[in-house]
>>> print(open('run-v4.cif').read())   # mmCIF, C-alpha atoms
data_input
#
loop_
_atom_site.label_atom_id
_atom_site.label_comp_id
_atom_site.auth_asym_id
_atom_site.auth_seq_id
_atom_site.Cartn_x
_atom_site.Cartn_y
_atom_site.Cartn_z
CA MET A 1 66.82 45.04 -41.41
CA PHE A 2 68.23 41.95 -43.10
CA LEU A 3 71.22 41.97 -40.75
CA GLY A 4 68.88 42.40 -37.77
CA VAL A 5 66.86 39.38 -38.93
CA LEU A 6 70.02 37.28 -39.19
CA ILE A 7 71.12 38.33 -35.70
CA GLY A 8 67.63 37.47 -34.48
CA VAL A 9 67.78 34.02 -36.10
CA PHE A 10 70.96 33.06 -34.30
CA TYR A 11 70.62 34.88 -30.97
CA GLY A 12 66.96 35.66 -30.53
CA TYR A 13 65.60 32.18 -30.01
CA ASN A 14 67.04 31.99 -26.51
CA ILE A 15 66.06 35.45 -25.23
CA ASN A 16 63.91 35.48 -22.11
CA GLU A 17 60.42 36.52 -23.24
CA ASP A 18 59.69 38.76 -20.24
CA ASN A 19 62.95 40.68 -20.60
CA PHE A 20 62.40 41.04 -24.33
CA ARG A 21 58.86 42.31 -23.85
CA LEU A 22 59.86 44.85 -21.20
CA GLY A 23 62.84 46.11 -23.18
CA MET A 24 60.94 46.50 -26.44
CA ALA A 25 57.95 48.19 -24.80
CA LEU A 26 60.18 50.72 -23.04
CA ILE A 27 62.21 51.46 -26.17
CA ILE A 28 59.04 51.94 -28.20
CA LEU A 29 57.43 54.22 -25.59
CA ILE A 30 60.58 56.37 -25.32
CA SER A 31 60.79 56.58 -29.12
CA ILE A 32 57.15 57.64 -29.30
CA GLY A 33 57.82 60.37 -26.76
CA VAL A 34 60.69 61.63 -28.90
CA MET A 35 58.54 61.50 -32.06
CA TYR A 36 55.73 63.38 -30.32
CA TYR A 37 58.23 66.01 -29.21
CA TRP A 38 59.54 66.35 -32.77
CA ASP A 39 56.02 66.71 -34.10
CA GLN A 40 55.24 69.48 -31.61
CA LYS A 41 58.43 71.39 -32.42
CA LYS A 42 58.00 71.71 -36.19
CA SER A 43 61.31 73.57 -36.54
CA LEU A 44 63.42 70.73 -35.12
CA ARG A 45 65.38 68.65 -37.59
CA VAL A 46 64.94 64.94 -37.27
CA PRO A 47 68.04 62.77 -37.53
CA THR A 48 69.27 62.29 -41.09
CA HIS A 49 72.56 60.59 -40.27
CA TRP A 50 72.89 57.05 -41.64
CA SER A 51 73.29 55.71 -38.11
CA PHE A 52 69.68 56.67 -37.25
CA ALA A 53 68.31 54.60 -40.15
CA GLY A 54 70.85 51.85 -39.49
CA LEU A 55 70.02 51.55 -35.79
CA LEU A 56 66.26 51.52 -36.41
CA GLY A 57 66.66 49.05 -39.29
CA LEU A 58 68.83 46.72 -37.23
CA THR A 59 66.40 46.93 -34.31
CA ALA A 60 63.40 46.43 -36.59
CA GLY A 61 65.00 43.38 -38.22
CA PHE A 62 65.93 41.82 -34.89
CA THR A 63 62.53 42.48 -33.32
CA THR A 64 60.59 41.27 -36.35
CA MET A 65 62.43 37.97 -36.27
CA ILE A 66 61.94 37.30 -32.59
CA GLY A 67 58.60 38.97 -31.92
CA ASN A 68 57.00 40.53 -35.01
CA LEU A 69 57.58 43.95 -33.46
CA ALA A 70 59.23 45.78 -36.34
CA GLY A 71 56.14 47.87 -37.04
CA ALA A 72 56.81 50.22 -34.16
CA PHE A 73 60.38 50.91 -35.26
CA ALA A 74 59.39 51.29 -38.90
CA ASN A 75 56.61 53.69 -37.87
CA ILE A 76 59.09 55.79 -35.91
CA TYR A 77 61.47 55.93 -38.87
CA PHE A 78 58.75 56.74 -41.41
CA LEU A 79 57.30 59.44 -39.15
CA ALA A 80 60.78 60.90 -38.63
CA GLN A 81 61.19 61.04 -42.41
CA LYS A 82 57.83 62.88 -42.57
CA LEU A 83 56.48 60.56 -45.24
CA PRO A 84 53.02 61.54 -46.45
CA LYS A 85 50.41 58.99 -45.37
CA ASN A 86 50.05 57.22 -48.74
CA GLU A 87 53.84 56.89 -49.13
CA PHE A 88 54.04 55.78 -45.49
CA ILE A 89 51.50 53.01 -46.09
CA GLY A 90 52.94 51.91 -49.42
CA THR A 91 56.52 51.86 -48.14
CA ALA A 92 55.50 49.92 -45.03
CA ALA A 93 53.52 47.41 -47.09
CA TRP A 94 56.44 46.69 -49.42
CA LEU A 95 58.96 46.66 -46.59
CA PHE A 96 57.05 44.08 -44.55
CA PHE A 97 56.22 41.96 -47.57
CA ILE A 98 59.91 41.75 -48.49
CA ILE A 99 61.17 41.22 -44.93
CA ASN A 100 58.53 38.58 -44.15
CA VAL A 101 59.42 36.63 -47.31
CA PHE A 102 63.07 36.85 -46.19
CA LYS A 103 62.18 35.58 -42.67
CA LEU A 104 59.99 32.68 -43.79
CA PRO A 105 62.75 30.16 -44.60
CA PHE A 106 64.33 30.76 -41.17
CA HIS A 107 61.00 30.15 -39.46
CA ILE A 108 60.45 26.97 -41.48
CA LEU A 109 63.96 25.49 -41.57
CA VAL A 110 65.80 26.84 -38.51
CA TRP A 111 63.24 27.54 -35.79
CA GLU A 112 60.53 25.23 -37.19
CA THR A 113 57.83 27.67 -36.05
CA VAL A 114 55.85 27.49 -39.30
CA GLN A 115 54.15 24.20 -40.01
CA MET A 116 51.50 23.04 -42.46
CA GLU A 117 48.75 23.73 -39.91
CA SER A 118 49.68 27.41 -39.63
CA LEU A 119 49.80 27.71 -43.42
CA LYS A 120 46.27 26.25 -43.61
CA ILE A 121 45.06 28.83 -41.10
CA SER A 122 46.64 31.58 -43.20
CA VAL A 123 44.75 30.41 -46.28
CA VAL A 124 41.47 30.38 -44.34
CA LEU A 125 42.12 33.93 -43.10
CA ALA A 126 43.05 35.31 -46.56
CA PRO A 127 39.52 36.62 -47.32
CA PHE A 128 39.62 38.64 -44.10
CA LEU A 129 42.96 40.08 -45.18
CA ILE A 130 41.41 41.22 -48.44
CA ALA A 131 38.40 42.70 -46.61
CA GLY A 132 40.75 44.51 -44.21
CA LEU A 133 42.71 45.88 -47.16
CA TYR A 134 39.54 47.26 -48.73
CA ILE A 135 38.31 48.80 -45.46
CA GLY A 136 41.75 50.21 -44.71
CA VAL A 137 41.99 51.96 -48.07
CA LYS A 138 38.57 53.55 -47.50
CA LEU A 139 39.49 54.69 -43.97
CA VAL A 140 42.86 56.13 -44.98
CA ASN A 141 41.18 58.27 -47.63
CA ILE A 142 38.99 59.82 -44.93
CA ILE A 143 41.76 60.56 -42.41
CA LYS A 144 43.62 63.87 -42.77
CA GLU A 145 47.43 63.86 -42.99
CA ASN A 146 48.10 65.42 -39.54
CA ALA A 147 45.50 63.22 -37.85
CA TYR A 148 47.10 60.17 -39.51
CA ARG A 149 50.49 60.95 -37.94
CA LYS A 150 48.85 61.27 -34.52
CA LEU A 151 46.93 58.01 -35.00
CA ILE A 152 50.14 56.19 -35.89
CA LEU A 153 51.78 57.49 -32.72
CA LEU A 154 48.71 56.58 -30.66
CA PHE A 155 48.38 53.04 -32.08
CA THR A 156 52.12 52.44 -31.73
CA ALA A 157 51.97 53.55 -28.08
CA MET A 158 48.93 51.35 -27.47
CA GLY A 159 50.80 48.40 -28.98
CA ALA A 160 53.77 49.06 -26.71
CA LEU A 161 51.50 49.17 -23.68
CA VAL A 162 49.86 45.88 -24.68
CA ILE A 163 53.34 44.33 -25.00
CA LEU A 164 54.35 45.77 -21.62
CA PHE A 165 51.31 44.54 -19.70
CA GLN A 166 50.66 41.28 -21.54
#
>>> encode(input="run-v4.cif", output="structure tokens")
Amino acid sequence: MFLGVLIGVFYGYNINEDNFRLGMALIILISIGVMYYWDQKKSLRVPTHWSFAGLLGLTAGFTTMIGNLAGAFANIYFLAQKLPKNEFIGTAAWLFFIINVFKLPFHILVWETVQMESLKISVVLAPFLIAGLYIGVKLVNIIKENAYRKLILLFTAMGALVILFQ
């Protein structure tokens, strides 16, 4: 992912937004179809070769830098690894905390997309983040493991469709 972020820093700033949106939405929707197929055929082995993780990590890093779209690719990877829901959530939380801290200096110093005004907005929204965390923990405890996997696929597909038709 770090390499994908660096590629995104130097090449992603000039990508046509419409082409990016279309490409990412289609890749995500195809990946979701593959994940759904894997989930239906329980006996199928999901890719374990390093290139699968490498390609998704590179794509996630690039897309997070230029469009904050890494969630879909991380979801696909975590689902492919059949992580239980609590490990899925914890791994994703740490991954995005680390990668966003890594991206921040590039957004401030290279692209200049983070200014004092956006930091002030983030501080104002912090209580809502904490409330969302609390509500999310409660909801996750209610959702069964198999239903959670399906919800992740559904929400990822919905996100791809929003990107596609935005």
>>> resolve_selection(input="run-v4.cif", expression="the PyMOL selection byres ((chain A and resi 71-83) around 10)", output="PyMOL selection string")
chain A and resi 24-25+27-29+31-32+34-36+38-39+45-48+52-53+55-61+63-64+68-70+84-89+91-92+95-96+145+149-150+152-153+155-157+159-160
>>> residues_around(input="run-v4.cif", residues="Asp18 in chain A", least_positions_apart="5", cutoff="12 Å", atoms="all atoms listed in the file", output="ChimeraX atom specification")
/A:23-25,67,163-166
>>> residues_around(input="run-v4.cif", residues="range 106-119 of chain A", least_positions_apart="2", cutoff="9 Å", atoms="all atoms listed in the file", output="PyMOL selection string")
chain A and resi 6+9+13+65+102-104+121-124
>>> atom_distance(input="run-v4.cif", atom1="CA of Ile142 in chain A", atom2="CA of Val162 in chain A")
26.9 Å
>>> atom_distance(input="run-v4.cif", atom1="CA of Asn146 in chain A", atom2="CA of His49 in chain A")
24.9 Å
>>> atom_distance(input="run-v4.cif", atom1="CA of Ala93 in chain A", atom2="CA of Met158 in chain A")
20.5 Å
